[in-house]
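data39.pdb (PDB, C-alpha atoms) appears below.
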```pdb
ATOM      1  CA  MET J 499     -92.962 -43.018 -54.415
ATOM      2  CA  GLU J 500     -95.185 -44.208 -57.276
ATOM      3  CA  ALA J 501     -97.204 -47.371 -56.834
ATOM      4  CA  VAL J 502     -95.557 -48.858 -59.946
ATOM      5  CA  LYS J 503     -93.228 -51.637 -58.895
ATOM      6  CA  LYS J 504     -89.737 -51.121 -60.257
ATOM      7  CA  ASP J 505     -86.700 -53.344 -60.170
ATOM      8  CA  PRO J 506     -84.329 -52.491 -57.324
ATOM      9  CA  VAL J 507     -81.091 -50.751 -58.281
ATOM     10  CA  ILE J 508     -78.150 -52.886 -57.229
ATOM     11  CA  PHE J 509     -74.630 -51.550 -57.058
ATOM     12  CA  GLU J 510     -72.139 -54.313 -57.813
ATOM     13  CA  GLY J 511     -68.607 -53.616 -56.721
ATOM     14  CA  TYR J 512     -65.375 -55.115 -55.508
ATOM     15  CA  VAL J 513     -63.103 -54.432 -52.597
ATOM     16  CA  ILE J 514     -59.669 -54.993 -54.120
ATOM     17  CA  MET J 515     -56.566 -54.984 -51.945
ATOM     18  CA  PRO J 516     -53.165 -55.957 -53.330
ATOM     19  CA  TYR J 517     -50.709 -57.062 -50.660
ATOM     20  CA  LYS J 518     -47.260 -58.554 -50.254
ATOM     21  CA  TYR J 519     -46.656 -61.438 -47.896
ATOM     22  CA  SER J 520     -43.211 -62.458 -46.704
ATOM     23  CA  VAL J 521     -43.055 -66.233 -46.302
ATOM     24  CA  GLY J 522     -40.068 -66.094 -43.939
ATOM     25  CA  SER J 523     -36.560 -67.531 -44.029
ATOM     26  CA  LEU J 524     -37.285 -71.294 -43.902
ATOM     27  CA  ALA J 525     -40.216 -71.233 -46.316
ATOM     28  CA  SER J 526     -38.100 -69.092 -48.695
ATOM     29  CA  LYS J 527     -35.565 -71.935 -48.867
ATOM     30  CA  PHE J 528     -38.427 -74.363 -49.535
ATOM     31  CA  PHE J 529     -39.893 -72.247 -52.341
ATOM     32  CA  ILE J 530     -36.458 -71.620 -53.912
ATOM     33  CA  LYS J 531     -35.831 -75.392 -54.012
ATOM     34  CA  LEU J 532     -39.268 -75.920 -55.523
ATOM     35  CA  ARG J 533     -38.749 -73.188 -58.135
ATOM     36  CA  ASP J 534     -35.149 -73.938 -59.099
ATOM     37  CA  SER J 535     -34.850 -77.717 -58.760
ATOM     38  CA  LYS J 536     -38.431 -79.043 -58.547
ATOM     39  CA  VAL J 537     -37.595 -80.585 -55.174
ATOM     40  CA  LEU J 538     -40.150 -80.795 -52.394
ATOM     41  CA  SER J 539     -38.652 -80.558 -48.929
ATOM     42  CA  GLY J 540     -39.992 -80.901 -45.410
ATOM     43  CA  ALA J 541     -38.961 -79.153 -42.202
ATOM     44  CA  LYS J 542     -37.446 -81.659 -39.788
ATOM     45  CA  CYS J 543     -37.697 -80.944 -36.076
ATOM     46  CA  PRO J 544     -34.257 -81.346 -34.442
ATOM     47  CA  LYS J 545     -35.837 -82.523 -31.175
ATOM     48  CA  CYS J 546     -38.748 -84.860 -32.003
ATOM     49  CA  GLN J 547     -37.700 -85.648 -35.614
ATOM     50  CA  MET J 548     -41.177 -84.828 -36.917
ATOM     51  CA  VAL J 549     -41.088 -83.880 -40.625
ATOM     52  CA  ASN J 550     -43.498 -81.097 -41.525
ATOM     53  CA  PHE J 551     -44.629 -80.745 -45.096
ATOM     54  CA  PRO J 552     -45.400 -78.001 -46.000
ATOM     55  CA  PRO J 553     -42.501 -76.742 -43.846
ATOM     56  CA  ARG J 554     -43.017 -74.868 -40.615
ATOM     57  CA  SER J 555     -40.368 -72.954 -38.733
ATOM     58  CA  VAL J 556     -41.728 -74.022 -35.327
ATOM     59  CA  CYS J 557     -42.584 -77.660 -34.589
ATOM     60  CA  PRO J 558     -46.336 -77.945 -33.919
ATOM     61  CA  LYS J 559     -45.718 -80.884 -31.574
ATOM     62  CA  CYS J 560     -42.823 -79.792 -29.321
ATOM     63  CA  PHE J 561     -42.492 -76.081 -30.279
ATOM     64  CA  SER J 562     -38.795 -76.392 -31.127
ATOM     65  CA  LYS J 563     -37.327 -74.042 -33.697
ATOM     66  CA  ILE J 564     -36.782 -75.783 -37.023
ATOM     67  CA  GLU J 565     -33.973 -74.656 -39.313
ATOM     68  CA  GLU J 566     -33.343 -77.787 -41.346
ATOM     69  CA  LEU J 567     -35.037 -78.898 -44.551
ATOM     70  CA  VAL J 568     -34.915 -82.508 -45.718
ATOM     71  CA  ASP J 569     -35.540 -83.409 -49.348
ATOM     72  CA  LEU J 570     -38.523 -85.653 -50.018
ATOM     73  CA  SER J 571     -39.140 -87.831 -53.048
ATOM     74  CA  GLY J 572     -42.278 -85.875 -53.877
ATOM     75  CA  LYS J 573     -44.334 -89.050 -54.115
ATOM     76  CA  GLY J 574     -47.087 -89.570 -51.618
ATOM     77  CA  LYS J 575     -50.424 -91.073 -50.706
ATOM     78  CA  LEU J 576     -53.888 -89.567 -50.913
ATOM     79  CA  GLU J 577     -55.458 -89.374 -47.467
ATOM     80  CA  THR J 578     -58.827 -87.910 -48.411
ATOM     81  CA  PHE J 579     -60.353 -85.775 -51.170
ATOM     82  CA  THR J 580     -63.399 -83.933 -52.421
ATOM     83  CA  ILE J 581     -64.739 -82.817 -55.799
ATOM     84  CA  VAL J 582     -65.550 -79.122 -55.956
ATOM     85  CA  HIS J 583     -68.560 -78.151 -58.073
ATOM     86  CA  TYR J 584     -69.503 -74.875 -56.391
ATOM     87  CA  GLU J 585     -68.030 -71.819 -58.080
ATOM     88  CA  SER J 586     -66.981 -68.773 -56.101
ATOM     89  CA  ALA J 587     -64.878 -65.686 -56.764
ATOM     90  CA  VAL J 588     -61.810 -66.803 -54.820
ATOM     91  CA  GLN J 589     -60.866 -70.115 -56.452
ATOM     92  CA  ALA J 590     -57.598 -70.759 -58.284
ATOM     93  CA  LEU J 591     -59.294 -73.149 -60.733
ATOM     94  CA  LYS J 592     -62.663 -73.278 -62.444
ATOM     95  CA  PRO J 593     -64.891 -76.037 -61.041
ATOM     96  CA  PRO J 594     -65.319 -78.952 -61.275
ATOM     97  CA  TYR J 595     -61.953 -79.996 -59.873
ATOM     98  CA  ALA J 596     -60.624 -82.448 -57.304
ATOM     99  CA  ILE J 597     -58.806 -81.315 -54.196
ATOM    100  CA  GLY J 598     -57.155 -83.723 -51.804
ATOM    101  CA  VAL J 599     -55.082 -84.079 -48.662
ATOM    102  CA  ILE J 600     -51.777 -85.645 -49.683
ATOM    103  CA  LYS J 601     -49.183 -87.069 -47.289
ATOM    104  CA  LEU J 602     -45.779 -87.309 -48.918
ATOM    105  CA  ASP J 603     -43.482 -90.267 -48.254
ATOM    106  CA  GLY J 604     -41.211 -89.360 -45.357
ATOM    107  CA  ALA J 605     -43.461 -86.551 -44.091
ATOM    108  CA  ASP J 606     -45.605 -86.616 -40.959
ATOM    109  CA  THR J 607     -48.052 -83.910 -41.979
ATOM    110  CA  ALA J 608     -50.085 -83.549 -45.145
ATOM    111  CA  ILE J 609     -50.726 -80.838 -47.721
ATOM    112  CA  THR J 610     -53.952 -79.850 -49.420
ATOM    113  CA  HIS J 611     -53.560 -79.578 -53.185
ATOM    114  CA  PHE J 612     -55.272 -80.250 -56.492
ATOM    115  CA  ILE J 613     -55.536 -83.734 -57.977
ATOM    116  CA  GLY J 614     -55.394 -83.968 -61.749
ATOM    117  CA  GLY J 615     -54.674 -86.379 -64.562
ATOM    118  CA  ALA J 616     -57.371 -88.792 -63.411
ATOM    119  CA  ASP J 617     -61.131 -89.246 -63.832
ATOM    120  CA  PHE J 618     -63.020 -88.204 -60.720
ATOM    121  CA  LYS J 619     -64.430 -91.733 -60.418
ATOM    122  CA  ASP J 620     -60.905 -93.202 -60.302
ATOM    123  CA  ILE J 621     -59.763 -91.072 -57.365
ATOM    124  CA  LYS J 622     -59.618 -93.186 -54.222
ATOM    125  CA  PRO J 623     -58.112 -92.558 -50.788
ATOM    126  CA  GLY J 624     -54.816 -94.411 -50.444
ATOM    127  CA  MET J 625     -53.833 -94.018 -54.095
ATOM    128  CA  LYS J 626     -50.206 -93.160 -54.898
ATOM    129  CA  LEU J 627     -49.608 -89.678 -56.238
ATOM    130  CA  GLU J 628     -46.750 -87.664 -57.689
ATOM    131  CA  PRO J 629     -46.435 -83.923 -58.297
ATOM    132  CA  VAL J 630     -46.702 -82.240 -61.701
ATOM    133  CA  PHE J 631     -44.733 -79.007 -61.806
ATOM    134  CA  LYS J 632     -45.484 -75.908 -63.817
ATOM    135  CA  ALA J 633     -43.082 -75.095 -66.659
ATOM    136  CA  LYS J 634     -42.735 -71.481 -65.469
ATOM    137  CA  ARG J 635     -42.296 -71.531 -61.707
ATOM    138  CA  GLU J 636     -42.622 -68.412 -59.559
ATOM    139  CA  ALA J 637     -41.781 -69.652 -56.050
ATOM    140  CA  ASN J 638     -45.258 -70.207 -54.697
ATOM    141  CA  ILE J 639     -47.237 -73.333 -53.878
ATOM    142  CA  LEU J 640     -49.002 -73.287 -57.270
ATOM    143  CA  ASP J 641     -45.604 -74.155 -58.852
ATOM    144  CA  ILE J 642     -46.981 -77.627 -58.184
ATOM    145  CA  GLU J 643     -49.768 -77.633 -60.758
ATOM    146  CA  TYR J 644     -51.436 -80.709 -59.281
ATOM    147  CA  PHE J 645     -50.738 -84.227 -58.046
ATOM    148  CA  GLN J 646     -51.401 -87.069 -60.482
ATOM    149  CA  PRO J 647     -51.590 -90.868 -60.040
ATOM    150  CA  ALA J 648     -48.056 -92.309 -59.862
TER     151      ALA J 648
ATOM    152  CA  MET U 616     -16.688 -60.898 -37.443
ATOM    153  CA  LYS U 617     -18.533 -63.575 -39.349
ATOM    154  CA  GLN U 618     -19.680 -62.415 -42.750
ATOM    155  CA  LYS U 619     -23.375 -63.034 -43.284
ATOM    156  CA  THR U 620     -24.375 -63.759 -46.869
ATOM    157  CA  GLN U 621     -27.564 -62.193 -48.115
ATOM    158  CA  GLU U 622     -30.166 -64.910 -48.614
ATOM    159  CA  GLU U 623     -33.012 -64.612 -51.084
ATOM    160  CA  LEU U 624     -36.349 -64.090 -49.389
ATOM    161  CA  ILE U 625     -39.578 -64.970 -51.078
ATOM    162  CA  TYR U 626     -42.540 -62.620 -51.103
ATOM    163  CA  LEU U 627     -45.943 -63.594 -52.379
ATOM    164  CA  ASN U 628     -47.708 -60.835 -54.265
ATOM    165  CA  MET U 629     -51.379 -61.424 -53.684
ATOM    166  CA  THR U 630     -54.561 -59.559 -54.484
ATOM    167  CA  MET U 631     -57.587 -59.876 -52.284
ATOM    168  CA  LYS U 632     -60.697 -59.290 -54.392
ATOM    169  CA  VAL U 633     -63.984 -59.440 -52.560
ATOM    170  CA  PRO U 634     -67.152 -58.980 -54.629
ATOM    171  CA  TYR U 635     -70.191 -57.348 -53.059
ATOM    172  CA  LYS U 636     -73.663 -56.220 -54.028
ATOM    173  CA  TRP U 637     -75.372 -53.271 -52.419
ATOM    174  CA  ARG U 638     -79.066 -52.524 -52.854
ATOM    175  CA  THR U 639     -79.494 -48.779 -53.091
ATOM    176  CA  GLY U 640     -83.042 -48.684 -51.681
ATOM    177  CA  GLU U 641     -86.081 -47.098 -53.336
ATOM    178  CA  THR U 642     -85.169 -43.414 -53.101
ATOM    179  CA  MET U 643     -81.574 -43.603 -54.215
ATOM    180  CA  GLY U 644     -82.557 -46.303 -56.725
ATOM    181  CA  GLU U 645     -84.982 -43.874 -58.380
ATOM    182  CA  PHE U 646     -82.213 -41.253 -58.496
ATOM    183  CA  PHE U 647     -79.771 -43.637 -60.183
ATOM    184  CA  ARG U 648     -82.472 -44.915 -62.564
ATOM    185  CA  GLU U 649     -83.154 -41.341 -63.749
ATOM    186  CA  LEU U 650     -79.417 -40.707 -64.039
ATOM    187  CA  LYS U 651     -78.925 -43.822 -66.160
ATOM    188  CA  GLU U 652     -82.001 -43.675 -68.369
ATOM    189  CA  ASN U 653     -82.609 -39.949 -68.812
ATOM    190  CA  GLY U 654     -79.354 -38.333 -67.708
ATOM    191  CA  ILE U 655     -81.195 -36.107 -65.237
ATOM    192  CA  ILE U 656     -79.920 -35.269 -61.759
ATOM    193  CA  TYR U 657     -82.765 -35.091 -59.265
ATOM    194  CA  ALA U 658     -83.057 -33.574 -55.809
ATOM    195  CA  ASN U 659     -85.924 -34.213 -53.406
ATOM    196  CA  GLN U 660     -87.507 -31.885 -50.901
ATOM    197  CA  CYS U 661     -88.560 -32.360 -47.314
ATOM    198  CA  PRO U 662     -92.313 -31.563 -47.109
ATOM    199  CA  THR U 663     -91.872 -30.151 -43.590
ATOM    200  CA  CYS U 664     -88.790 -27.931 -43.665
ATOM    201  CA  GLY U 665     -88.526 -27.473 -47.446
ATOM    202  CA  ARG U 666     -84.841 -28.371 -47.663
ATOM    203  CA  PHE U 667     -83.562 -30.063 -50.819
ATOM    204  CA  PHE U 668     -81.343 -33.133 -50.878
ATOM    205  CA  CYS U 669     -79.065 -34.308 -53.643
ATOM    206  CA  LEU U 670     -78.560 -37.252 -53.532
ATOM    207  CA  PRO U 671     -82.243 -37.596 -52.561
ATOM    208  CA  LYS U 672     -82.901 -38.802 -49.023
ATOM    209  CA  SER U 673     -85.795 -40.957 -47.843
ATOM    210  CA  VAL U 674     -85.781 -39.291 -44.399
ATOM    211  CA  CYS U 675     -84.996 -35.639 -43.634
ATOM    212  CA  THR U 676     -81.821 -35.369 -41.584
ATOM    213  CA  ARG U 677     -83.136 -32.410 -39.591
ATOM    214  CA  ASP U 678     -86.752 -33.182 -38.696
ATOM    215  CA  HIS U 679     -86.880 -36.906 -39.562
ATOM    216  CA  THR U 680     -89.874 -36.475 -41.894
ATOM    217  CA  VAL U 681     -90.301 -39.279 -44.413
ATOM    218  CA  CYS U 682     -89.567 -37.744 -47.846
ATOM    219  CA  THR U 683     -90.520 -40.539 -50.233
ATOM    220  CA  GLY U 684     -93.179 -38.504 -52.129
ATOM    221  CA  ARG U 685     -92.151 -38.479 -55.789
ATOM    222  CA  ASP U 686     -94.075 -35.191 -56.348
ATOM    223  CA  LYS U 687     -91.426 -33.410 -54.268
ATOM    224  CA  TRP U 688     -88.670 -34.318 -56.749
ATOM    225  CA  VAL U 689     -87.152 -31.571 -58.878
ATOM    226  CA  PRO U 690     -84.606 -31.903 -61.684
ATOM    227  CA  VAL U 691     -81.422 -29.992 -60.884
ATOM    228  CA  GLY U 692     -78.320 -29.133 -62.859
ATOM    229  CA  PRO U 693     -76.607 -30.325 -64.953
ATOM    230  CA  LYS U 694     -75.036 -26.872 -64.590
ATOM    231  CA  GLY U 695     -74.003 -25.471 -61.273
ATOM    232  CA  MET U 696     -71.444 -23.508 -59.363
ATOM    233  CA  VAL U 697     -68.450 -24.597 -57.327
ATOM    234  CA  VAL U 698     -68.958 -23.470 -53.732
ATOM    235  CA  THR U 699     -65.686 -24.907 -52.530
ATOM    236  CA  PHE U 700     -63.368 -27.750 -53.400
ATOM    237  CA  PHE U 701     -60.628 -29.933 -52.069
ATOM    238  CA  MET U 702     -57.626 -31.576 -53.677
ATOM    239  CA  ALA U 703     -55.963 -34.941 -53.239
ATOM    240  CA  GLU U 704     -52.272 -34.509 -53.955
ATOM    241  CA  GLN U 705     -51.170 -37.655 -52.149
ATOM    242  CA  SER U 706     -52.127 -40.802 -54.025
ATOM    243  CA  PHE U 707     -53.630 -43.744 -52.176
ATOM    244  CA  LEU U 708     -54.974 -47.168 -53.009
ATOM    245  CA  LEU U 709     -58.555 -47.126 -54.222
ATOM    246  CA  PRO U 710     -60.286 -50.071 -52.582
ATOM    247  CA  THR U 711     -62.840 -50.325 -55.391
ATOM    248  CA  THR U 712     -60.298 -50.817 -58.174
ATOM    249  CA  GLY U 713     -57.057 -51.842 -56.462
ATOM    250  CA  GLU U 714     -55.289 -49.049 -58.363
ATOM    251  CA  MET U 715     -53.655 -45.897 -57.110
ATOM    252  CA  LEU U 716     -55.620 -42.642 -57.320
ATOM    253  CA  LYS U 717     -54.533 -40.519 -60.279
ATOM    254  CA  ILE U 718     -53.278 -37.268 -58.791
ATOM    255  CA  PRO U 719     -53.884 -34.390 -58.674
ATOM    256  CA  PHE U 720     -57.551 -35.133 -58.060
ATOM    257  CA  ALA U 721     -60.051 -32.351 -57.379
ATOM    258  CA  VAL U 722     -63.421 -32.754 -55.707
ATOM    259  CA  GLY U 723     -65.893 -29.915 -56.028
ATOM    260  CA  ILE U 724     -68.796 -29.096 -53.757
ATOM    261  CA  VAL U 725     -71.205 -28.104 -56.512
ATOM    262  CA  LEU U 726     -74.334 -26.032 -55.933
ATOM    263  CA  LEU U 727     -76.622 -27.259 -58.690
ATOM    264  CA  ASP U 728     -78.995 -24.946 -60.561
ATOM    265  CA  GLY U 729     -82.690 -25.391 -59.798
ATOM    266  CA  ALA U 730     -82.664 -25.984 -56.080
ATOM    267  CA  THR U 731     -80.538 -25.241 -53.054
ATOM    268  CA  CYS U 732     -78.648 -28.503 -52.855
ATOM    269  CA  ILE U 733     -75.037 -29.501 -53.225
ATOM    270  CA  LEU U 734     -73.423 -32.512 -54.822
ATOM    271  CA  GLN U 735     -69.844 -33.627 -54.259
ATOM    272  CA  HIS U 736     -68.141 -34.873 -57.382
ATOM    273  CA  ALA U 737     -64.859 -34.881 -59.284
ATOM    274  CA  LEU U 738     -63.848 -31.771 -61.202
ATOM    275  CA  GLU U 739     -62.256 -31.915 -64.644
ATOM    276  CA  GLU U 740     -60.003 -28.996 -63.730
ATOM    277  CA  THR U 741     -57.278 -30.291 -61.449
ATOM    278  CA  ASN U 742     -55.113 -27.180 -61.225
ATOM    279  CA  PRO U 743     -56.021 -25.568 -57.874
ATOM    280  CA  GLU U 744     -54.892 -22.173 -59.220
ATOM    281  CA  LYS U 745     -57.631 -22.324 -61.834
ATOM    282  CA  ILE U 746     -60.461 -23.436 -59.553
ATOM    283  CA  LYS U 747     -62.236 -20.398 -58.160
ATOM    284  CA  PRO U 748     -65.246 -20.111 -55.866
ATOM    285  CA  PHE U 749     -68.485 -19.457 -57.814
ATOM    286  CA  MET U 750     -66.889 -20.949 -60.939
ATOM    287  CA  ARG U 751     -69.539 -22.331 -63.303
ATOM    288  CA  VAL U 752     -69.399 -26.048 -64.048
ATOM    289  CA  GLU U 753     -71.490 -28.606 -65.917
ATOM    290  CA  ALA U 754     -71.900 -32.348 -65.387
ATOM    291  CA  VAL U 755     -70.406 -34.587 -68.081
ATOM    292  CA  PHE U 756     -72.308 -37.848 -68.414
ATOM    293  CA  LYS U 757     -71.067 -41.130 -69.775
ATOM    294  CA  PRO U 758     -72.637 -42.204 -73.083
ATOM    295  CA  LYS U 759     -76.012 -43.817 -72.357
ATOM    296  CA  ALA U 760     -74.858 -47.326 -73.336
ATOM    297  CA  GLU U 761     -72.053 -47.189 -70.766
ATOM    298  CA  ARG U 762     -74.154 -45.968 -67.838
ATOM    299  CA  LYS U 763     -74.669 -48.473 -65.052
ATOM    300  CA  GLY U 764     -76.985 -46.650 -62.696
ATOM    301  CA  ASN U 765     -74.453 -45.400 -60.173
ATOM    302  CA  ILE U 766     -72.776 -42.084 -59.347
ATOM    303  CA  TYR U 767     -69.925 -42.793 -61.787
ATOM    304  CA  ASP U 768     -72.443 -42.282 -64.632
ATOM    305  CA  ILE U 769     -71.382 -38.649 -64.121
ATOM    306  CA  VAL U 770     -67.745 -38.604 -65.241
ATOM    307  CA  HIS U 771     -66.921 -35.218 -63.720
ATOM    308  CA  PHE U 772     -67.936 -31.575 -63.749
ATOM    309  CA  LYS U 773     -66.249 -29.522 -66.485
ATOM    310  CA  THR U 774     -65.598 -25.803 -66.304
ATOM    311  CA  ILE U 775     -67.880 -23.660 -68.484
ATOM    312  CA  THR U 776     -68.002 -19.957 -69.273
ATOM    313  CA  GLU U 777     -71.335 -18.199 -69.568
TER     314      GLU U 777
END
```
Could you render the structure as structure tokens?
Amino acid sequence: MEAVKKDPVIFEGYVIMPYKYSVGSLASKFFIKLRDSKVLSGAKCPKCQMVNFPPRSVCPKCFSKIEELVDLSGKGKLETFTIVHYESAVQALKPPYAIGVIKLDGADTAITHFIGGADFKDIKPGMKLEPVFKAKREANILDIEYFQPA
Amino acid sequence: MKQKTQEELIYLNMTMKVPYKWRTGETMGEFFRELKENGIIYANQCPTCGRFFCLPKSVCTRDHTVCTGRDKWVPVGPKGMVVTFFMAEQSFLLPTTGEMLKIPFAVGIVLLDGATCILQHALEETNPEKIKPFMRVEAVFKPKAERKGNIYDIVHFKTITE
């Protein structure tokens, strides 16, 4: 090879794999309620009464099978949050954005989702939040666009 | 018997898209640079056994001699001859694009003019009845502005008559 230093040749590519994921019977009911009536519902354990939101078909505490959904108000409380500035190829939004852990009223577990409609400096743990739904809903968790201060 | 009503089940259609960067190394980098900038296909030669490689290799696969000497590079092609070929008649998902392979798809093992070396690449002719051994072909390059310095800078090999 010549002594002249040349720039390395870099091949930039993607591995792209489309796939289809079945959410299961209970989560289907949850997503249909979300899509058709903008109602958030939790999975209530028949044995220990724990309400899981987002719903789970097996109770994480007592391993009982859950088949019942209970409607929640949709309002909740911010447990913790972070502001994302780092950009990567797999994000649903372009940074900067706020993402938080939100525990809905009546639920025992929390969901991670976006926080919008507020300045980053005004976001505080413990603040009351409510969901903002997309106009065109497609039965997935991004039918909730973000949670905003209630 | 209890009649079971069909419930709607939700499926999420997702696409996993993982970006990656791959450094070609000096020898293959020089090959792709020549392909991109000058539209020339190069082969390199092992100084010990005299075999030619296309794509060029930095180490001979037979005697493990280091073949990085640029003086042993010879331009080959763009014309050549189909030694053999294979066809894809069953489509499959291409992991680099996420799309299905357009069938029928023919790959030729092309003996390039100028040195005894073969290059595997797509053939323009996709009718297996019309692809014959020793058929003459020529590389079709992308326009210079569209070349990116990778093997897809050669679109395919088209059939020629001489």
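In chain U, the set of residues within 7 Å of chain J (atoms considered: only C-alpha atoms) is U:Leu624, U:Ile625, U:Tyr626, U:Leu627, U:Asn628, U:Met629, U:Thr630, U:Met631, U:Lys632, U:Val633, U:Pro634, U:Tyr635, U:Lys636, U:Trp637, U:Arg638, U:Thr639, U:Gly640, U:Glu641, U:Gly644, U:Thr683, U:Gly684, U:Arg685, U:Pro710, U:Thr711, U:Thr712, U:Gly713, U:Asn765.
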Go ahead and save the residues from that selection, with C-alpha atoms, as a PDB file, keeping the file's coordinate frame.
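Resulting contents of selection06.pdb:
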```
ATOM      1  CA  LEU U 624     -36.349 -64.090 -49.389  1.00  0.00           C
ATOM      2  CA  ILE U 625     -39.578 -64.970 -51.078  1.00  0.00           C
ATOM      3  CA  TYR U 626     -42.540 -62.620 -51.103  1.00  0.00           C
ATOM      4  CA  LEU U 627     -45.943 -63.594 -52.379  1.00  0.00           C
ATOM      5  CA  ASN U 628     -47.708 -60.835 -54.265  1.00  0.00           C
ATOM      6  CA  MET U 629     -51.379 -61.424 -53.684  1.00  0.00           C
ATOM      7  CA  THR U 630     -54.561 -59.559 -54.484  1.00  0.00           C
ATOM      8  CA  MET U 631     -57.587 -59.876 -52.284  1.00  0.00           C
ATOM      9  CA  LYS U 632     -60.697 -59.290 -54.392  1.00  0.00           C
ATOM     10  CA  VAL U 633     -63.984 -59.440 -52.560  1.00  0.00           C
ATOM     11  CA  PRO U 634     -67.152 -58.980 -54.629  1.00  0.00           C
ATOM     12  CA  TYR U 635     -70.191 -57.348 -53.059  1.00  0.00           C
ATOM     13  CA  LYS U 636     -73.663 -56.220 -54.028  1.00  0.00           C
ATOM     14  CA  TRP U 637     -75.372 -53.271 -52.419  1.00  0.00           C
ATOM     15  CA  ARG U 638     -79.066 -52.524 -52.854  1.00  0.00           C
ATOM     16  CA  THR U 639     -79.494 -48.779 -53.091  1.00  0.00           C
ATOM     17  CA  GLY U 640     -83.042 -48.684 -51.681  1.00  0.00           C
ATOM     18  CA  GLU U 641     -86.081 -47.098 -53.336  1.00  0.00           C
ATOM     19  CA  GLY U 644     -82.557 -46.303 -56.725  1.00  0.00           C
ATOM     20  CA  THR U 683     -90.520 -40.539 -50.233  1.00  0.00           C
ATOM     21  CA  GLY U 684     -93.179 -38.504 -52.129  1.00  0.00           C
ATOM     22  CA  ARG U 685     -92.151 -38.479 -55.789  1.00  0.00           C
ATOM     23  CA  PRO U 710     -60.286 -50.071 -52.582  1.00  0.00           C
ATOM     24  CA  THR U 711     -62.840 -50.325 -55.391  1.00  0.00           C
ATOM     25  CA  THR U 712     -60.298 -50.817 -58.174  1.00  0.00           C
ATOM     26  CA  GLY U 713     -57.057 -51.842 -56.462  1.00  0.00           C
ATOM     27  CA  ASN U 765     -74.453 -45.400 -60.173  1.00  0.00           C
TER      28      ASN U 765
END
```
Q) For the point (-40.5, -81.7, -32.9) in file coordinates, what residues are within 10 Å, counting all atoms listed in the file? Give the answer as an MDAnalysis selection string? A) chainID J and resid 541:550 556:564
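Note on the selection: in this file the PyMOL selection byres ((chain U and resi 652-658) around 7) comes out as Phe646, Arg648, Glu649, Leu650, Lys651, Asn659, Gln660, Phe667, Phe668, Cys669, Leu670, Pro671, Trp688, Val689, Pro690, Val691, Gly692 and Pro693 of chain U.
Using the PyMOL selection byres ((chain J and resi 619-629) around 9) on the file at hand returns these residues: J:Ser571, J:Gly572, J:Lys573, J:Gly574, J:Lys575, J:Leu576, J:Glu577, J:Thr578, J:Phe579, J:Ala596, J:Gly598, J:Ile600, J:Leu602, J:Ile613, J:Ala616, J:Asp617, J:Phe618, J:Val630, J:Phe631, J:Ile642, J:Glu643, J:Tyr644, J:Phe645, J:Gln646, J:Pro647, J:Ala648.
By chain and then residue number, the residues within 8 Å of Glu704 of chain U are Ile718, Pro719 and Phe720 of chain U, counting only C-alpha atoms and disregarding those fewer than 3 positions away in sequence.
Atom CA of Gln621 of chain U lies 22.6 Å from atom CA of Lys536 of chain J.
Atom to atom, atom CA of Thr699 of chain U and atom CA of Val725 of chain U stand 7.5 Å apart.
Taking atom CA of Leu726 of chain U as the reference point, atom CA of Glu761 of chain U is found at 25.9 Å.
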Q: Let me know the residues the PyMOL selection byres ((chain U and resi 742) around 12) catches in the file above, as an MDAnalysis selection string.
A: chainID U and resid 700:704 718:722 738:741 743:747 774
Segment 752-765 of chain U: axis-aligned bounding box, 3 Å on each side, centre and edge lengths in Å, one decimal, as AutoDock Vina command-line options:
```
--center_x -73.2 --center_y -37.3 --center_z -66.8 --size_x 13.6 --size_y 28.4 --size_z 19.2
```
